[in-house]
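Notes follow once the structure below has been shown.
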Protein chains: 2
Amino acid sequence: MNGAHALIRTLVDSGVDTCFANPGTSEMHFVAALDDVPGMRAVLAVFEGVATGAADGYGRMADRPAATLLHLGPGLGNGLANLHNARRARTPVVNIVGDHATYHKRFDAPLDSDLELLVRNVSGWVGWPTEPAGVAPAGAEAVAAALGPPGCVASLVLPADTSWSEGGEPALPARRGERSEVPADTIDVVAKALRSGEPAALLLGGTALRTAGLIAAGRVAGATGARMLAETVPARLERGAGRPAVERLGYLAEFTMAQLAEIRHLVLVDARAPVSFFAYPGKPSDLVPDGCEVHELATGSADAPGALAALAEALGAAGGRAAVQPSGRPDRPTGALNGEAVAQALGALLPEGAIVSDEANTAGLWSAGATAGAPPHDWLCLTGGAIGQGMPVATGAAIACPDRRVVSLEADGSALYTAQALWTQAREDLDVTTVVYNNRSYAILNLELGRVGAAAPGPAAASLLDLSNPDVDFVALAGGLGVPGVRATTAEELTAALERSFAEPGPYLVEAMLPPGL
Amino acid sequence: MNGAHALIRTLVDSGVDTCFANPGTSEMHFVAALDDVPGMRAVLAVFEGVATGAADGYGRMADRPAATLLHLGPGLGNGLANLHNARRARTPVVNIVGDHATYHKRFDAPLDSDLELLVRNVSGWVGWPTEPAGVAPAGAEAVAAALGPPGCVASLVLPADTSWSEGGEPALPARRGERSEVPADTIDVVAKALRSGEPAALLLGGTALRTAGLIAAGRVAGATGARMLAETVPARLERGAGRPAVERLGYLAEFTMAQLAEIRHLVLVDARAPVSFFAYPGKPSDLVPDGCEVHELATGSADAPGALAALAEALGAAGGRAAVQPSGRPDRPTGALNGEAVAQALGALLPEGAIVSDEANTAGLWSAGATAGAPPHDWLCLTGGAIGQGMPVATGAAIACPDRRVVSLEADGSALYTAQALWTQAREDLDVTTVVYNNRSYAILNLELGRVGAAAPGPAAASLLDLSNPDVDFVALAGGLGVPGVRATTAEELTAALERSFAEPGPYLVEAMLPPGL
């Protein structure tokens, strides 16, 4: 069999059964081989950023990688921003990038570029077979690398001739590695700090934000009074009624500093010490307060939930009860539509088991609060800060979890990056409800312009932060891409539209018309 | 003044007065400084690929660079594909990429990545100032590098603190370098080859495809019988009635080989020896026929039109007449709409001085032939093969040449990459007529699947080449982005729509409904 056939067989045998593809000529043999192997689902994305973001959303929810299929350097370029987000999320992704045939490289054909540079920008692992026999083994290695722990973007560059030539054989399937146990000494040091009576907090990230980790953390918090914090932009946070609640660190450095001001022991659990998203004149980058000791409980490939359980045991709280979020929904909002009303509607209606892909940014500030007591659900954040993540991640999450409603919360500026995801949602008939927060503004940048200390904007500057003239009609845009939708101008209209969409299968878009710039 | 202010002043003094921007927080001081310097036009793109493609289109038509303004690695990633096309076109571009403050880099904040790798992928020159005093001088160097000759993408990485800190001073404006004269020996060797009586061709590219070069080449051809060929995808070809005509090499390697089969002397004039776009099993990559001698007349920074003039003189044809394309338009098409009918309508109606941004790919095959005798116009091709170029390049060309109609020919698959360009066309009220060739298919890939020798596609493979289910409604999509349009299902409807758009200012989109897959 040829290299492509052997690769696809190996991927399927390794549990990689979904491929988000935007192929070109150099990938045609991979495409042709898809029908030779039962069990691989190929999903077309009409832009690479959709394919990579969907692979990210899929990996976050399935806890195993999807494959991508991208076309040479420019195709990878188009997919880089969402691979950046996946890298920050430590999502397992098998990123397959087709390349020219090995013997064709020296001719520097028009689509050629220095692909290695791009691959290195986002990848925790890179494989680049040069003969067909090497393709399937590299594929197995890619799956193993992607699975980790920790998960990563594992990039497999696939020269066209290794794909089309005979000489491939399926490789042994890849298996997930074990997470390492955290040493007892580390547990003891942290336990001692938490017993000191000084103000302490657990800063939870990554795997610690799933239910098992949260429950163990809740026991620790209950026994010691430590606060439970979450990193600013978790890849996936399990939350809602009946689950231990965590307080996410704020996006604004000032806010984070206020949250951490009294803390004297900050325990990192699969999380990094907090830093400011951006530098601002005269403001610190490192947000750990002076006099606060930072303890790393679990990091990298360590078993964070296991470490939290061990910590609870060391503190005599192994059988303890973790405080959980009480059930409760806000009333349905009425009257004027604004960010708070959207949040209230979500809180009132969010279905049990929903997956929220949150790229609502400024206007979405109130959503997390209003949904805290909604039935259990998952919350997926903009891990790498590269906008254009939300709709693709929603798409991939819906494919990973076909029985769950996905709610895609999208700021208007971000929605304009990768709205092509709607097309894939329509083709695959995915249960995704998109809410576009249309405030005709890059509201975050209006805020940031002041925060960096720049003067009040003149007309040229203001024009770059403004999304009016022309106003975007997101319902028309979605309709063009095959997704029906409706515009909501009041809280009642929004609520009715959400309720209808949550009750019906398939994708739908609700355009929430918000006051300008808010 | 701060670094940003000094930079913008230096850019304007150097003739760079247009900036295609999609900024983020780290660029806010550059944004704020735009209003401190008269003469810099800031144009918002709502996706980076639009900004970089617009800079490419602008540079091709203005023969001087526009600036971009991009946000960190992910922003550059989103703009890479069109910078790749600009690199292949040797378009002058000053590519400004904001970065975190120098002192913030070590914290590896969420949006950080190895930016240097990405910059190196596309740039002929890289500057990376680390203090405010270095910013304006680096800006002047960037302009000089972008101008060349030859033109290139010159990337200036701008750390936020070098932008916001005081200590900047405007630098001396940049000037364009001189092209080098081609040595007389080289002229003599080529003249001798052309006098040999053996079949010969001039392969013209880059600067040789402007009128001066074409006229000189036409004199050489007239004196020697050499054929006049053009590279497959010229950055900018001046053509139409009254200009010397050239025959473009085909995209398909088989076709190029047939065009070159008899040639014994191939003279490269600012062009590269022809290679296949892709490798195919059993087919050559190098398309120069056996026994054909390749002569480099002018390359890189050499003065190609000057070399052609010197060659004409050496051949005693300096005062000769170059054969030119006779004037002539096809009749308006009637009846069924297909790629030939679209081409015929363009030939019948193309306005004098039009700028055609051609990304129609498969369905656009007939356009060049049908417009050959139309009034003089420019033709801009997909130089790097990275789709998503057409609409952004059309946007930049319209800003560079506000008195000319831009005709943007778009394959449906390519249109789905960077349709956000329509929003900028609406905001800037640009005279751009977009024709979308809607055949609901990646027709080129259906073709390529056969050419690479892959078996007839099964259902999974076929689904990746098909753009139906859902059918895209490009008129709705355009309307959502602020550009009015109409769907044409007959040749008469298309002709009427084009005529109306060519007569009225502002952007317009015509969706040409073609037979599926053609």
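Naming scheme: A, B, ... for chains in displayed order of the structure tokens; residues 1 onward per chain; ligands 1 onward as shown.
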Skipping near chain neighbours, those fewer than 2 positions away, what residues fall within 8 Å of Asn82 in chain B using only C-alpha atoms, listed as a compact mmCIF listing (two decimals) with C-alpha atoms, in the first residue's frame?
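File produced: out_37.txt:
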```
# COMPACT_ATOMS: atom_id res chain seq x y z
CA GLY B 49 -4.96 38.20 5.29
CA THR B 52 -1.38 41.78 3.71
CA GLY B 53 -3.08 41.03 0.40
CA ASP B 56 0.43 43.41 -2.11
CA GLY B 79 -1.35 37.32 7.05
CA LEU B 80 1.37 34.90 5.94
CA HIS B 84 3.88 34.61 0.53
CA ASN B 85 2.15 35.72 -2.66
CA ALA B 86 3.71 39.19 -2.29
CA ALA B 386 -1.81 30.64 -2.06
CA GLY B 388 -7.31 33.98 -0.85
CA GLN B 389 -5.26 36.58 -2.70
```
Check: Within 12 Å of Leu209 in chain B, counting only C-alpha atoms, which residues qualify if same-chain residues fewer than 6 places away don't, as a PyMOL selection string?
Finding: chain B and resi 202-203+215-218+228-239+243-248+269-271+304-305+308+378-380
Serialized selection, C-alpha atoms, as an mmCIF file, in the first residue's frame:
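Saved as part-v7.cif:
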```
data_model
loop_
_atom_site.group_PDB
_atom_site.id
_atom_site.type_symbol
_atom_site.label_atom_id
_atom_site.label_comp_id
_atom_site.auth_asym_id
_atom_site.auth_seq_id
_atom_site.Cartn_x
_atom_site.Cartn_y
_atom_site.Cartn_z
ATOM 1 C CA LEU B 202 11.807 35.367 -24.620
ATOM 2 C CA LEU B 203 10.326 34.367 -21.282
ATOM 3 C CA ILE B 215 7.740 47.150 -26.554
ATOM 4 C CA ALA B 216 11.464 46.432 -26.474
ATOM 5 C CA ALA B 217 10.744 42.710 -26.363
ATOM 6 C CA GLY B 218 8.361 43.131 -29.273
ATOM 7 C CA MET B 228 7.188 36.262 -26.605
ATOM 8 C CA LEU B 229 6.174 34.214 -23.610
ATOM 9 C CA ALA B 230 5.212 35.360 -20.134
ATOM 10 C CA GLU B 231 5.673 33.528 -16.861
ATOM 11 C CA THR B 232 2.613 31.564 -15.731
ATOM 12 C CA VAL B 233 1.418 33.936 -13.007
ATOM 13 C CA PRO B 234 2.739 37.469 -13.520
ATOM 14 C CA ALA B 235 2.476 39.889 -10.663
ATOM 15 C CA ARG B 236 1.283 42.549 -13.111
ATOM 16 C CA LEU B 237 0.919 42.256 -16.846
ATOM 17 C CA GLU B 238 0.141 45.331 -18.931
ATOM 18 C CA ARG B 239 -1.947 44.140 -21.828
ATOM 19 C CA ARG B 243 0.222 46.733 -26.466
ATOM 20 C CA PRO B 244 2.572 43.945 -27.507
ATOM 21 C CA ALA B 245 0.925 40.644 -26.688
ATOM 22 C CA VAL B 246 2.581 37.806 -24.857
ATOM 23 C CA GLU B 247 1.559 34.197 -24.507
ATOM 24 C CA ARG B 248 1.460 33.118 -20.876
ATOM 25 C CA VAL B 269 14.019 38.272 -18.692
ATOM 26 C CA ASP B 270 13.247 38.900 -15.032
ATOM 27 C CA ALA B 271 11.706 35.434 -15.004
ATOM 28 C CA ALA B 304 15.202 44.173 -17.524
ATOM 29 C CA PRO B 305 13.495 46.726 -19.788
ATOM 30 C CA LEU B 308 15.647 44.370 -23.707
ATOM 31 C CA ASP B 378 -3.559 45.460 -16.068
ATOM 32 C CA TRP B 379 -3.805 41.820 -15.089
ATOM 33 C CA LEU B 380 -2.699 40.698 -11.595
#
```
Notebook entry, point to check: Which neighbours of Leu260 in chain A fall inside 9 Å, counting only C-alpha atoms, when residues of the same chain fewer than 5 positions from it are skipped, and could you give them as a ChimeraX atom specification?
Noted result: /A:201,249,255,266,287-289
Since we have the selection now, will you write its residues out, keeping N, CA and C atoms, as a tab-separated table (two decimals), in the first residue's frame?
```
chain	number	residue	atom	x	y	z
A	201	ALA	N	-3.91	30.24	48.11
A	201	ALA	CA	-4.84	29.94	47.01
A	201	ALA	C	-4.27	28.82	46.16
A	249	LEU	N	-9.10	34.00	37.31
A	249	LEU	CA	-8.34	35.24	37.33
A	249	LEU	C	-8.83	36.15	36.20
A	255	PHE	N	-7.04	43.79	37.79
A	255	PHE	CA	-8.04	42.97	38.45
A	255	PHE	C	-7.38	41.73	39.06
A	266	LEU	N	0.80	30.72	46.84
A	266	LEU	CA	0.06	30.44	45.60
A	266	LEU	C	0.50	29.08	45.08
A	287	LEU	N	2.48	39.09	37.84
A	287	LEU	CA	1.35	39.48	38.69
A	287	LEU	C	1.33	38.80	40.05
A	288	VAL	N	2.38	38.04	40.36
A	288	VAL	CA	2.47	37.45	41.69
A	288	VAL	C	2.83	38.57	42.67
A	289	PRO	N	2.05	38.76	43.72
A	289	PRO	CA	2.33	39.89	44.63
A	289	PRO	C	3.66	39.70	45.38
```
Next item on the list: Please measure the separation of CA of Gly75 in chain B and CA of Ser414 in chain A, giving the value in Å to one decimal.
Entry: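 We find that CA of Gly75 in chain B and CA of Ser414 in chain A lie 12.3 Å from each other.
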Quick one: contact table of range 244-303 of chain A to range 111-119 of chain B, 12 Å max, nearest atom pair and distance in Å to one decimal per residue, counting only C-alpha atoms, chain and number order, as JSON lines?
```
{"residue": "A:Val275", "atom": "CA", "partner": "B:Leu111", "partner_atom": "CA", "distance": 11.5}
{"residue": "A:Ser276", "atom": "CA", "partner": "B:Leu111", "partner_atom": "CA", "distance": 10.6}
{"residue": "A:Phe277", "atom": "CA", "partner": "B:Leu111", "partner_atom": "CA", "distance": 7.4}
{"residue": "A:Phe278", "atom": "CA", "partner": "B:Leu111", "partner_atom": "CA", "distance": 8.6}
{"residue": "A:Ala279", "atom": "CA", "partner": "B:Leu111", "partner_atom": "CA", "distance": 11.7}
```
Keeping only C-alpha atoms, write the selected residues to a file as an mmCIF file, in the first residue's frame.
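Saved the output as selection-v7.cif:
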```cif
data_model
loop_
_atom_site.group_PDB
_atom_site.id
_atom_site.type_symbol
_atom_site.label_atom_id
_atom_site.label_comp_id
_atom_site.auth_asym_id
_atom_site.auth_seq_id
_atom_site.Cartn_x
_atom_site.Cartn_y
_atom_site.Cartn_z
ATOM 1 C CA VAL A 275 1.499 37.193 34.039
ATOM 2 C CA SER A 276 -0.090 40.146 32.359
ATOM 3 C CA PHE A 277 -1.465 39.455 28.873
ATOM 4 C CA PHE A 278 0.304 42.578 27.667
ATOM 5 C CA ALA A 279 2.822 45.034 29.020
#
```
Next item on the list: Identify which of the residues A:Ala208, A:Leu449, A:Val356, A:Ala4 lies closest to Arg404 in chain A, counting only C-alpha atoms when measuring atom-to-atom distances.
Entry: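 Under the stated criterion, the closest residue is A:Val356.
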Contacts of range 154-169 of chain B within 6 Å, only C-alpha atoms, excl. fewer than 2 positions in-chain, as an mmCIF file with C-alpha atoms, in the first residue's frame:
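Writing the result to selection_10.cif gives the following:
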```cif
data_model
loop_
_atom_site.group_PDB
_atom_site.id
_atom_site.type_symbol
_atom_site.label_atom_id
_atom_site.label_comp_id
_atom_site.auth_asym_id
_atom_site.auth_seq_id
_atom_site.Cartn_x
_atom_site.Cartn_y
_atom_site.Cartn_z
ATOM 1 C CA MET B 1 8.503 62.099 20.398
ATOM 2 C CA ASN B 2 7.892 58.410 20.900
ATOM 3 C CA GLY B 3 9.110 55.675 18.594
ATOM 4 C CA ALA B 4 5.753 55.204 16.880
ATOM 5 C CA ALA B 6 9.001 58.983 14.656
ATOM 6 C CA SER B 26 0.622 45.905 21.443
ATOM 7 C CA HIS B 29 0.658 53.446 20.371
ATOM 8 C CA VAL B 94 6.678 47.298 4.653
ATOM 9 C CA ASN B 95 5.312 44.652 6.959
ATOM 10 C CA ILE B 96 5.009 46.039 10.482
ATOM 11 C CA VAL B 97 4.423 43.436 13.161
ATOM 12 C CA GLY B 98 3.853 44.575 16.709
ATOM 13 C CA ASP B 99 5.479 42.562 19.442
ATOM 14 C CA HIS B 100 5.295 42.500 23.216
ATOM 15 C CA ALA B 101 7.415 45.013 25.082
ATOM 16 C CA THR B 102 11.049 43.892 25.178
ATOM 17 C CA SER B 123 10.764 38.426 4.548
ATOM 18 C CA GLY B 124 13.589 39.591 2.330
ATOM 19 C CA TRP B 125 14.639 41.927 5.129
ATOM 20 C CA VAL B 126 13.976 41.940 8.880
ATOM 21 C CA GLY B 127 14.451 44.767 11.363
ATOM 22 C CA TRP B 128 13.829 44.427 15.052
ATOM 23 C CA GLU B 131 14.929 50.924 21.755
ATOM 24 C CA PRO B 132 12.875 53.915 20.606
ATOM 25 C CA ALA B 133 15.816 55.659 18.952
ATOM 26 C CA ALA B 142 12.591 48.745 5.784
ATOM 27 C CA ALA B 146 11.079 46.910 0.298
ATOM 28 C CA CYS B 152 10.524 42.471 -1.245
#
```
Checklist line | Those in range 28-262 of chain A with helix (DSSP H, G or I) from DSSP, as a ChimeraX atom specification | finding: /A:28-36,48-62,72-89,102-107,115-122,132-147,160-164,184-195,206-209,211-224,253-260
Note to self: Given only C-alpha atoms as the basis, pick out the residue of B:Leu365, B:Ala336, B:Val435, B:Ala193 nearest to Val486 in chain B.
What the structure shows: B:Val435
Item checked: Pick from B:Arg64, B:Arg176, B:Arg227, B:His377, whichever lies nearest to Ser301 in chain B using only C-alpha atoms -> B:Arg176
Check: How far is it from CA of Ile387 in chain A to CA of Tyr417 in chain A, in Å with one decimal?
Finding: 7.2 Å
